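Novice: Okay, so here is data.tsv, and as you'll see once you scroll down, it has TSV, C-alpha atoms.
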```
chain	number	residue	atom	x	y	z
A	1276	MET	CA	17.80	-18.25	44.00
A	1277	SER	CA	21.55	-18.38	44.49
A	1278	GLY	CA	23.40	-15.93	42.27
A	1279	ARG	CA	20.28	-13.79	41.74
A	1280	PRO	CA	19.28	-10.67	43.67
A	1281	SER	CA	16.26	-10.53	45.89
A	1282	ALA	CA	12.98	-9.69	44.17
A	1283	ARG	CA	13.06	-6.12	45.44
A	1284	ARG	CA	16.67	-5.57	44.51
A	1285	GLY	CA	16.17	-7.27	41.15
A	1286	ARG	CA	13.27	-5.03	40.20
A	1287	HIS	CA	15.04	-1.86	41.26
A	1288	ALA	CA	18.60	-2.42	40.11
A	1289	VAL	CA	20.30	0.43	38.28
A	1290	ALA	CA	21.06	-0.22	34.62
A	1291	ASP	CA	24.37	0.78	33.11
A	1292	LEU	CA	23.22	0.27	29.52
A	1293	ALA	CA	22.91	3.04	26.94
A	1294	LEU	CA	19.44	4.61	26.94
A	1295	PRO	CA	17.24	4.64	23.83
A	1296	THR	CA	16.16	7.75	21.92
A	1297	ALA	CA	13.33	8.50	24.35
A	1298	HIS	CA	15.70	9.49	27.13
A	1299	VAL	CA	15.21	9.01	30.84
A	1300	THR	CA	15.74	11.59	33.58
A	1301	PRO	CA	15.69	10.68	37.30
A	1302	LEU	CA	13.40	12.93	39.36
A	1303	VAL	CA	13.51	14.25	42.90
A	1304	PRO	CA	10.13	13.62	44.57
A	1305	HIS	CA	7.98	16.71	44.83
A	1306	GLY	CA	4.43	17.61	45.82
A	1307	TYR	CA	1.58	18.68	43.68
A	1308	ALA	CA	0.02	21.23	46.00
A	1309	SER	CA	0.86	24.14	43.72
A	1310	GLN	CA	-1.01	22.43	40.89
A	1311	MET	CA	-4.15	22.18	43.05
A	1312	SER	CA	-4.12	25.49	44.90
A	1313	HIS	CA	-6.91	27.04	42.83
A	1314	VAL	CA	-9.32	24.13	43.41
A	1315	SER	CA	-11.22	23.73	46.65
A	1316	VAL	CA	-10.84	20.49	48.58
A	1317	GLY	CA	-14.50	19.73	48.11
A	1318	MET	CA	-14.38	20.21	44.32
A	1319	ALA	CA	-11.22	18.10	44.04
A	1320	SER	CA	-12.93	15.28	45.91
A	1321	LEU	CA	-15.92	15.42	43.58
A	1322	LEU	CA	-13.68	15.30	40.51
A	1323	VAL	CA	-11.73	12.31	41.83
A	1324	ALA	CA	-14.93	10.46	42.70
A	1325	ALA	CA	-16.38	11.09	39.23
A	1326	ALA	CA	-13.20	9.87	37.56
A	1327	ALA	CA	-13.14	6.71	39.66
A	1328	ALA	CA	-16.65	5.93	38.48
A	1329	ALA	CA	-15.49	6.36	34.86
A	1330	GLY	CA	-12.54	4.01	35.35
A	1331	CYS	CA	-9.76	6.59	34.91
A	1332	TYR	CA	-8.20	9.49	36.78
A	1333	ARG	CA	-9.19	13.05	35.96
A	1334	ASP	CA	-6.69	15.57	37.30
A	1335	ALA	CA	-8.28	18.32	39.36
A	1336	VAL	CA	-8.23	21.49	37.24
A	1337	GLY	CA	-9.84	24.90	37.56
A	1338	PRO	CA	-12.21	26.66	35.16
A	1339	ASP	CA	-9.32	28.56	33.53
A	1340	ALA	CA	-7.12	25.51	32.99
A	1341	GLY	CA	-7.54	25.70	29.21
A	1342	VAL	CA	-7.91	23.04	26.57
A	1343	PRO	CA	-9.30	19.62	27.64
A	1344	VAL	CA	-6.83	16.79	27.09
A	1345	VAL	CA	-7.51	13.06	26.98
A	1346	VAL	CA	-4.43	10.88	27.53
A	1347	ARG	CA	-4.39	7.29	26.30
A	1348	LEU	CA	-1.73	4.58	26.41
A	1349	ALA	CA	-1.16	2.40	23.36
A	1350	ASP	CA	1.07	-0.44	22.20
A	1351	GLY	CA	1.15	-2.21	18.87
A	1352	SER	CA	2.88	-5.35	20.01
A	1353	ALA	CA	2.39	-8.44	22.11
A	1354	PRO	CA	4.85	-9.32	24.88
A	1355	THR	CA	6.93	-12.46	24.75
A	1356	GLY	CA	5.05	-15.71	25.32
A	1357	THR	CA	6.40	-16.01	28.87
A	1358	VAL	CA	5.26	-12.54	30.00
A	1359	ASP	CA	1.76	-12.04	31.35
A	1360	ARG	CA	1.76	-8.50	32.78
A	1361	VAL	CA	3.88	-5.37	32.39
A	1362	GLU	CA	2.55	-3.08	35.10
A	1363	VAL	CA	3.90	0.46	35.00
A	1364	TYR	CA	2.94	2.92	37.73
A	1365	VAL	CA	2.43	6.39	36.22
A	1366	THR	CA	2.63	9.32	38.63
A	1367	GLU	CA	2.50	12.31	36.29
A	1368	ILE	CA	1.99	13.29	32.64
A	1369	ALA	CA	3.21	16.71	31.55
A	1370	ALA	CA	3.93	18.69	28.37
A	1371	SER	CA	6.09	21.64	27.35
A	1372	THR	CA	5.87	24.12	24.47
A	1373	THR	CA	9.65	23.99	24.06
A	1374	GLY	CA	11.68	21.06	22.80
A	1375	ASP	CA	13.72	18.91	25.16
A	1376	THR	CA	17.14	19.92	23.85
A	1377	LEU	CA	17.54	22.19	26.89
A	1378	PRO	CA	15.57	20.33	29.59
A	1379	ASP	CA	16.83	22.53	32.43
A	1380	GLU	CA	15.18	25.56	30.81
A	1381	GLN	CA	11.84	23.90	30.08
A	1382	GLU	CA	8.59	24.88	31.73
A	1383	TRP	CA	6.31	21.89	32.18
A	1384	GLN	CA	2.52	22.00	32.31
A	1385	VAL	CA	1.05	19.11	34.27
A	1386	ILE	CA	-1.76	17.44	32.34
A	1387	ALA	CA	-2.72	14.81	34.88
A	1388	VAL	CA	-1.51	12.94	37.95
A	1389	PRO	CA	-2.86	9.38	37.51
A	1390	ARG	CA	-0.92	7.71	40.38
A	1391	ARG	CA	-1.94	4.21	39.33
A	1392	ARG	CA	-0.66	1.11	37.53
A	1393	PHE	CA	-1.33	0.35	33.87
A	1394	ASP	CA	-0.80	-3.11	32.42
A	1395	LEU	CA	0.85	-2.43	29.06
A	1396	ALA	CA	0.64	-6.12	28.09
A	1397	ALA	CA	-3.16	-5.96	28.29
A	1398	ILE	CA	-3.49	-3.26	25.61
A	1399	ARG	CA	-4.73	-4.77	22.38
A	1400	ALA	CA	-2.64	-4.12	19.30
A	1401	GLY	CA	-3.73	-0.97	17.50
A	1402	SER	CA	-5.96	0.16	20.37
A	1403	ALA	CA	-5.47	2.46	23.34
A	1404	LEU	CA	-6.31	2.48	27.05
A	1405	LEU	CA	-7.77	5.60	28.65
A	1406	ALA	CA	-5.18	6.74	31.20
A	1407	ALA	CA	-6.27	10.18	32.36
A	1408	GLU	CA	-8.11	13.37	31.54
A	1409	GLY	CA	-6.81	16.84	32.25
A	1410	ALA	CA	-6.15	20.19	30.59
A	1411	LEU	CA	-3.45	22.36	29.06
A	1412	PRO	CA	-3.22	26.04	28.24
A	1413	SER	CA	-3.88	26.58	24.54
A	1414	GLY	CA	-0.67	26.24	22.52
A	1415	VAL	CA	1.63	24.04	20.47
A	1416	TYR	CA	3.54	21.48	22.54
A	1417	ARG	CA	6.84	19.98	21.46
A	1418	ALA	CA	7.75	17.81	24.44
A	1419	VAL	CA	5.88	15.28	26.58
A	1420	ARG	CA	7.09	13.76	29.83
A	1421	LEU	CA	5.79	10.57	31.42
A	1422	THR	CA	6.90	10.04	35.03
A	1423	ILE	CA	7.02	6.46	36.31
A	1424	ASP	CA	7.51	5.11	39.81
A	1425	VAL	CA	9.88	2.14	39.81
A	1426	ASP	CA	8.98	0.95	43.30
A	1427	SER	CA	5.37	0.33	42.24
A	1428	SER	CA	6.09	-1.06	38.77
A	1429	ARG	CA	6.61	-4.74	37.98
A	1430	VAL	CA	6.70	-7.42	35.30
A	1431	ARG	CA	5.09	-10.81	35.87
A	1432	PHE	CA	5.51	-14.10	34.07
A	1433	VAL	CA	2.63	-16.32	33.06
A	1434	GLY	CA	1.84	-18.11	36.31
A	1435	GLY	CA	2.29	-15.02	38.47
A	1436	ASP	CA	5.99	-15.05	39.35
A	1437	GLU	CA	7.62	-11.62	39.37
A	1438	ALA	CA	10.46	-11.14	36.89
A	1439	TYR	CA	13.86	-9.71	37.81
A	1440	VAL	CA	13.96	-6.45	35.88
A	1441	ARG	CA	16.82	-4.06	35.38
A	1442	TRP	CA	15.36	-0.54	35.53
A	1443	PRO	CA	17.16	2.70	34.59
A	1444	VAL	CA	17.13	3.86	38.23
A	1445	ALA	CA	17.52	1.98	41.50
A	1446	SER	CA	14.29	3.21	43.08
A	1447	GLY	CA	11.86	6.11	43.16
A	1448	ARG	CA	10.71	7.92	40.06
A	1449	TYR	CA	12.14	8.65	36.65
A	1450	ALA	CA	10.88	10.66	33.70
A	1451	VAL	CA	10.64	9.35	30.18
A	1452	HIS	CA	10.74	12.07	27.52
A	1453	ALA	CA	8.57	10.86	24.68
A	1454	ILE	CA	9.48	11.10	21.00
A	1455	VAL	CA	7.26	13.88	19.63
A	1456	GLU	CA	7.36	13.35	15.87
A	1457	GLN	CA	5.02	16.26	15.13
A	1458	PRO	CA	4.13	19.24	17.37
A	1459	LEU	CA	0.93	18.74	19.34
A	1460	ASP	CA	-1.70	21.44	18.82
A	1461	ALA	CA	-3.86	21.92	21.90
A	1462	SER	CA	-6.68	24.06	20.54
A	1463	ALA	CA	-10.02	24.93	22.11
A	1464	GLU	CA	-11.85	23.87	18.94
A	1465	ARG	CA	-11.16	20.14	19.28
A	1466	GLY	CA	-9.06	19.64	22.41
A	1467	LEU	CA	-6.14	17.22	22.37
A	1468	ASP	CA	-6.39	13.42	22.18
A	1469	LEU	CA	-2.86	12.58	23.32
A	1470	VAL	CA	-1.73	9.02	22.66
A	1471	LEU	CA	1.42	7.78	24.38
A	1472	ASP	CA	2.48	4.78	22.31
A	1473	VAL	CA	4.74	2.65	24.51
A	1474	GLN	CA	6.97	0.51	22.29
A	1475	LEU	CA	6.92	-2.67	24.36
A	1476	VAL	CA	9.01	-4.69	21.88
A	1477	GLN	CA	11.79	-2.10	22.11
A	1478	SER	CA	11.30	-1.23	25.80
A	1479	LEU	CA	11.24	-4.70	27.38
A	1480	THR	CA	14.24	-6.70	26.23
A	1481	THR	CA	16.10	-9.76	27.43
A	1482	ASN	CA	18.94	-8.63	29.64
A	1483	LEU	CA	22.49	-9.84	28.99
A	1484	ASP	CA	23.22	-9.94	32.71
A	1485	PRO	CA	22.22	-13.44	33.93
A	1486	GLN	CA	21.03	-11.94	37.23
A	1487	PHE	CA	18.07	-10.35	35.45
A	1488	ASP	CA	15.28	-11.63	33.22
A	1489	PHE	CA	14.66	-8.34	31.42
A	1490	ALA	CA	15.83	-4.77	31.01
A	1491	PHE	CA	13.11	-2.11	30.79
A	1492	PHE	CA	14.00	1.16	29.06
A	1493	PRO	CA	10.74	2.83	27.99
A	1494	VAL	CA	10.55	4.02	24.39
A	1495	VAL	CA	7.45	6.17	23.98
A	1496	ARG	CA	5.95	8.05	21.03
A	1497	ALA	CA	3.55	10.97	21.64
A	1498	VAL	CA	1.01	11.77	18.92
A	1499	ASP	CA	-2.32	13.51	18.46
A	1500	SER	CA	-4.68	10.72	17.40
A	1501	HIS	CA	-6.58	13.09	15.10
A	1502	ALA	CA	-3.52	13.16	12.82
A	1503	THR	CA	-2.95	9.40	12.69
A	1504	GLY	CA	-4.03	6.28	10.85
A	1505	GLY	CA	-3.06	2.62	10.99
A	1506	VAL	CA	-2.22	-0.57	9.17
A	1507	ALA	CA	-3.28	-4.19	9.68
A	1508	GLY	CA	-2.77	-7.51	7.94
A	1509	VAL	CA	-1.55	-11.08	8.16
A	1510	VAL	CA	2.01	-12.39	8.01
A	1511	SER	CA	2.45	-15.77	6.31
A	1512	ALA	CA	5.31	-18.14	5.58
A	1513	ASP	CA	5.66	-20.00	2.28
A	1514	ASP	CA	8.26	-22.60	3.22
A	1515	ASP	CA	8.39	-24.46	-0.08
A	1516	GLY	CA	7.84	-21.61	-2.49
A	1517	ASP	CA	4.60	-23.01	-3.95
A	1518	GLY	CA	2.74	-19.75	-3.46
A	1519	VAL	CA	0.66	-21.00	-0.54
A	1520	GLY	CA	1.53	-19.50	2.81
A	1521	ALA	CA	0.58	-20.46	6.35
A	1522	PRO	CA	0.03	-17.88	9.13
A	1523	LEU	CA	3.27	-17.01	10.88
A	1524	ALA	CA	3.23	-16.12	14.58
A	1525	ASP	CA	5.70	-13.89	16.43
A	1526	ALA	CA	7.06	-12.23	13.30
A	1527	ALA	CA	8.54	-8.77	13.84
A	1528	VAL	CA	6.75	-6.11	11.78
A	1529	THR	CA	8.85	-2.95	11.82
A	1530	VAL	CA	7.70	0.40	10.44
A	1531	TYR	CA	10.44	2.77	9.29
A	1532	GLN	CA	10.78	6.25	7.87
A	1533	GLY	CA	13.49	6.89	5.32
A	1534	ASP	CA	14.56	6.50	1.72
A	1535	ALA	CA	13.71	2.98	0.59
A	1536	ALA	CA	16.62	3.12	-1.88
A	1537	ALA	CA	19.10	3.93	0.90
A	1538	PRO	CA	20.70	1.35	3.21
A	1539	LEU	CA	18.62	-0.10	6.04
A	1540	THR	CA	20.99	1.47	8.58
A	1541	SER	CA	19.86	4.93	7.47
A	1542	TRP	CA	16.18	4.27	8.21
A	1543	ARG	CA	14.57	5.41	11.45
A	1544	ILE	CA	12.43	2.96	13.41
A	1545	VAL	CA	8.97	4.36	14.08
A	1546	THR	CA	7.38	1.36	15.75
A	1547	VAL	CA	7.65	-2.42	16.02
A	1548	ALA	CA	4.85	-4.96	16.35
A	1549	ARG	CA	4.66	-8.75	16.48
A	1550	SER	CA	2.18	-11.01	14.76
A	1551	ASP	CA	-0.24	-12.99	16.91
A	1552	PRO	CA	-0.72	-16.81	16.83
A	1553	ARG	CA	-2.88	-16.45	13.70
A	1554	GLY	CA	-0.29	-14.29	11.96
A	1555	GLY	CA	-2.33	-11.14	12.40
A	1556	TYR	CA	-0.91	-7.76	13.33
A	1557	ARG	CA	-2.33	-4.27	13.77
A	1558	ILE	CA	-0.41	-1.03	14.19
A	1559	GLY	CA	-2.23	2.16	15.08
A	1560	PHE	CA	-1.43	5.81	15.66
A	1561	LEU	CA	0.96	6.37	12.75
A	1562	LEU	CA	1.12	9.96	11.54
A	1563	ALA	CA	-0.17	10.44	7.99
A	1564	GLY	CA	2.58	9.84	5.44
A	1565	THR	CA	4.56	7.14	3.63
A	1566	TYR	CA	6.48	4.44	5.46
A	1567	ILE	CA	8.68	1.42	4.82
A	1568	VAL	CA	7.57	-1.90	6.34
A	1569	ARG	CA	9.97	-4.77	6.99
A	1570	VAL	CA	8.99	-8.20	8.29
A	1571	GLU	CA	11.37	-10.80	9.64
A	1572	ALA	CA	11.01	-13.89	11.80
A	1573	ALA	CA	13.02	-16.60	13.50
A	1574	VAL	CA	12.58	-18.94	10.54
A	1575	PRO	CA	14.98	-19.74	7.69
A	1576	LEU	CA	13.21	-17.37	5.31
A	1577	PRO	CA	14.51	-14.04	4.01
A	1578	PRO	CA	12.92	-10.82	5.34
A	1579	VAL	CA	10.29	-9.01	3.28
A	1580	GLU	CA	10.20	-5.24	2.72
A	1581	PHE	CA	7.38	-3.05	1.42
A	1582	PRO	CA	8.72	0.40	0.47
A	1583	ASP	CA	5.68	2.65	0.18
A	1584	LEU	CA	2.97	2.08	2.75
A	1585	LEU	CA	0.59	5.04	2.63
A	1586	ILE	CA	-1.08	6.07	5.89
A	1587	VAL	CA	-4.04	8.44	5.79
A	1588	ALA	CA	-5.33	10.20	8.91
A	1589	GLY	CA	-8.47	8.46	10.13
A	1590	GLY	CA	-8.00	5.38	7.94
A	1591	GLU	CA	-6.50	1.92	8.18
A	1592	SER	CA	-4.43	0.39	5.36
A	1593	ARG	CA	-4.38	-3.33	4.68
A	1594	LEU	CA	-1.00	-4.99	4.13
A	1595	ASP	CA	-0.59	-8.78	4.02
A	1596	LEU	CA	2.99	-10.01	3.77
A	1597	THR	CA	4.45	-13.43	2.96
A	1598	LEU	CA	7.97	-14.62	3.68
A	1599	THR	CA	8.84	-16.91	0.78
A	1600	ALA	CA	11.56	-19.52	0.45
A	1601	PRO	CA	13.83	-18.82	-2.51
A	1602	THR	CA	13.42	-21.48	-5.20
A	1603	PRO	CA	16.41	-22.19	-7.50
A	1604	GLY	CA	15.63	-21.25	-11.08
A	1605	ALA	CA	12.24	-19.76	-10.20
A	1606	ARG	CA	11.29	-16.25	-11.23
A	1607	ASP	CA	11.11	-13.67	-8.48
A	1608	ARG	CA	7.56	-13.13	-7.29
A	1609	ASP	CA	6.04	-10.22	-5.46
A	1610	PRO	CA	5.83	-11.63	-1.89
A	1611	LEU	CA	3.16	-9.12	-0.90
A	1612	SER	CA	-0.59	-9.26	-1.08
A	1613	VAL	CA	-1.72	-5.66	-0.80
A	1614	HIS	CA	-5.23	-4.27	-0.98
A	1615	ARG	CA	-4.94	-1.09	-3.04
A	1616	ASP	CA	-8.50	0.14	-3.22
A	1617	GLY	CA	-9.19	3.83	-2.86
A	1618	ARG	CA	-9.85	3.60	0.87
A	1619	ARG	CA	-6.93	1.25	1.59
A	1620	THR	CA	-8.97	-0.54	4.25
```
Starting from the coordinates I provided, produce the structure as structure tokens.

Specialist:
Amino acid sequence: MSGRPSARRGRHAVADLALPTAHVTPLVPHGYASQMSHVSVGMASLLVAAAAAAGCYRDAVGPDAGVPVVVRLADGSAPTGTVDRVEVYVTEIAASTTGDTLPDEQEWQVIAVPRRRFDLAAIRAGSALLAAEGALPSGVYRAVRLTIDVDSSRVRFVGGDEAYVRWPVASGRYAVHAIVEQPLDASAERGLDLVLDVQLVQSLTTNLDPQFDFAFFPVVRAVDSHATGGVAGVVSADDDGDGVGAPLADAAVTVYQGDAAAPLTSWRIVTVARSDPRGGYRIGFLLAGTYIVRVEAAVPLPPVEFPDLLIVAGGESRLDLTLTAPTPGARDRDPLSVHRDGRRT
């Protein structure tokens, strides 16, 4: 233990690294009484009890609260092989109809107050975990805020030991402003199925400071699941260039938006996933549109890019990719095996 901070200090140390696009704002603790003033104590107790029976937290809301909102947490990636649990304690989920360019002038509507831990590492790729149910006034929302309590959050290795994590704040709570790629329409006709896609591959990284095992800077996307689709497939490696590939584990599958003819540095990362031990991957909750997919791995094989992955709302595309060893004198082959039927499933 010499040269390393105590477990408590290690988990709550302040990071001095640059924050990712989904920026973080420290919060001053505050109460929620004003959010609950229109609900009787007895009704609030009944709502909490009902939610506990359902396995999630339903925020206490009045009859005029507005549009029902379901909040789910998602992640398309698997943690590193040494990590068993990534437990994040969520205290509040809120949304605003104005963008977050002027955060001091924003008015936030509280959707739910879960006040519980969620194990992000337990979420299966392409799926989502029910986090809370609440309500919002009808409207179009352009910003989403997820508030996390550092003191109650932790990362554990396989075997149960707690990792030394460098968090963005020393202790208490901080707010992560999600990336809202498309405005969220909370309408009475269908409600809002809000998915907060936590990018674990980008959020939990090996820290350069030897005192810490990881740095955790949450990168979160916020989407309406009704407007999204997904992609799944298998990543293989053809080491000898004979056209026969073997499943490749732990390959990074990155989805980008941008001009495929432009340099890679001009593309914007949408999400990153990793293939499982059988080479399989699944990425969900991508807004309908066309994307670039790039696959690379820690093997001596060149990366593979697929420039025009089509995502349709409500559907799942199939995209199998093979990293192939270049063979001297051989003709270039298409390294992709893509199912292109009408449904792209």

Novice: Using all atoms listed in the file, which of the listed residues (A:Gly1589, A:Gly1555, A:Pro1458, A:Pro1485) sits closest to Ala1497 (chain A)?

Specialist: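 That would be A:Pro1458, the residue with the smallest distance to Ala1497 (chain A).
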
Novice: Measuring atom to atom with all atoms listed in the file, identify which of A:Glu1571, A:Asp1514, A:Glu1580, A:Asp1551 is nearest to Thr1599 (chain A).

Specialist: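 Closest to Thr1599 (chain A), using all atoms listed in the file: A:Asp1514.
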
Novice: Between CA of Gly1504 (chain A) and CA of Ser1413 (chain A), measure the distance and give it in Å to one decimal.

Specialist: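 These atoms are spaced 24.5 Å apart.
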
Novice: Kindly indicate which residue among A:Gln1474, A:Ser1371, A:Ser1592, A:Gln1532 lies nearest to Leu1459 (chain A), using all atoms listed in the file for the distances.

Specialist: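 Of A:Gln1474, A:Ser1371, A:Ser1592, A:Gln1532, the one nearest Leu1459 (chain A) is A:Ser1371, counting all atoms listed in the file.
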
Novice: Write out as a PDB file with C-alpha atoms, in the frame of the given file which residues come within 10 Å of Glu1362 (chain A) when counting only C-alpha atoms, dropping same-chain ones fewer than 6 positions away.

Specialist:
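Ended up saving to out33.pdb:
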```pdb
ATOM      1  CA  ARG A1391      -1.940   4.210  39.330  1.00  0.00           C
ATOM      2  CA  ARG A1392      -0.660   1.110  37.530  1.00  0.00           C
ATOM      3  CA  PHE A1393      -1.330   0.350  33.870  1.00  0.00           C
ATOM      4  CA  ASP A1394      -0.800  -3.110  32.420  1.00  0.00           C
ATOM      5  CA  LEU A1395       0.850  -2.430  29.060  1.00  0.00           C
ATOM      6  CA  ALA A1396       0.640  -6.120  28.090  1.00  0.00           C
ATOM      7  CA  ALA A1397      -3.160  -5.960  28.290  1.00  0.00           C
ATOM      8  CA  SER A1427       5.370   0.330  42.240  1.00  0.00           C
ATOM      9  CA  SER A1428       6.090  -1.060  38.770  1.00  0.00           C
ATOM     10  CA  ARG A1429       6.610  -4.740  37.980  1.00  0.00           C
ATOM     11  CA  VAL A1430       6.700  -7.420  35.300  1.00  0.00           C
ATOM     12  CA  ARG A1431       5.090 -10.810  35.870  1.00  0.00           C
TER      13      ARG A1431
END
```

Novice: So how many Å separate CA of Gly1447 (chain A) and CA of Ile1423 (chain A), to one decimal?

Specialist: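 Between these atoms lies a distance of 8.4 Å.
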
Novice: Do a neighbour search on Ala1563 (chain A) at 9 Å with all atoms listed in the file, toss out local chain neighbours closer than 5 positions, and write the hits as a CSV table (one decimal) with C-alpha atoms, in the frame of the given file.

Specialist:
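Contents of around-v8.csv, freshly written:
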```
chain,number,residue,atom,x,y,z
A,1502,ALA,CA,-3.5,13.2,12.8
A,1503,THR,CA,-3.0,9.4,12.7
A,1504,GLY,CA,-4.0,6.3,10.8
A,1505,GLY,CA,-3.1,2.6,11.0
A,1585,LEU,CA,0.6,5.0,2.6
A,1586,ILE,CA,-1.1,6.1,5.9
A,1587,VAL,CA,-4.0,8.4,5.8
A,1588,ALA,CA,-5.3,10.2,8.9
A,1589,GLY,CA,-8.5,8.5,10.1
```

Novice: Using only C-alpha atoms for the distances, tell me which of A:Arg1399, A:Arg1420, A:Arg1569, A:His1501 is nearest to Arg1465 (chain A).

Specialist: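 Checking each candidate against Arg1465 (chain A), we get A:His1501 as the closest.
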
Novice: Could you check how far CA of Asp1426 (chain A) sits from CA of Val1345 (chain A), in Å to one decimal?

Specialist: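 Going from CA of Asp1426 (chain A) over to CA of Val1345 (chain A), I get 26.2 Å.
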
Novice: What's the 6 Å shell around region 1518-1527 of chain A, counting all atoms listed in the file, without same-chain residues fewer than 4 positions away, as a list of chain:residue names?

Specialist: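 So, after excluding close chain neighbours, the residues are A:Val1510, A:Ser1511, A:Ala1512, A:Asp1513, A:Ala1548, A:Arg1549, A:Ser1550, A:Asp1551, A:Pro1552, A:Arg1553, A:Gly1554, A:Val1570, A:Glu1571, A:Ala1572.
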
Novice: Measuring between only C-alpha atoms, which one of A:Glu1464, A:Val1365, A:Gly1414, A:Ala1406 shows the shortest distance to Arg1390 (chain A)?

Specialist: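 Smallest distance to Arg1390 (chain A) is found for A:Val1365.
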
Novice: From the list A:Ser1446, A:Val1440, A:Arg1593, A:Val1470, which residue is nearest Asp1488 (chain A) when using all atoms listed in the file?

Specialist: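 Of A:Ser1446, A:Val1440, A:Arg1593, A:Val1470, the one nearest Asp1488 (chain A) is A:Val1440, counting all atoms listed in the file.
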
Novice: Can you pull out the residues contacting Asp1350 (chain A)? Cut-off 8 Å, using all atoms listed in the file, and skip same-chain residues under 3 positions away; I want them as number ranges by chain.

Specialist: A: 1395, 1398-1403, 1472-1475
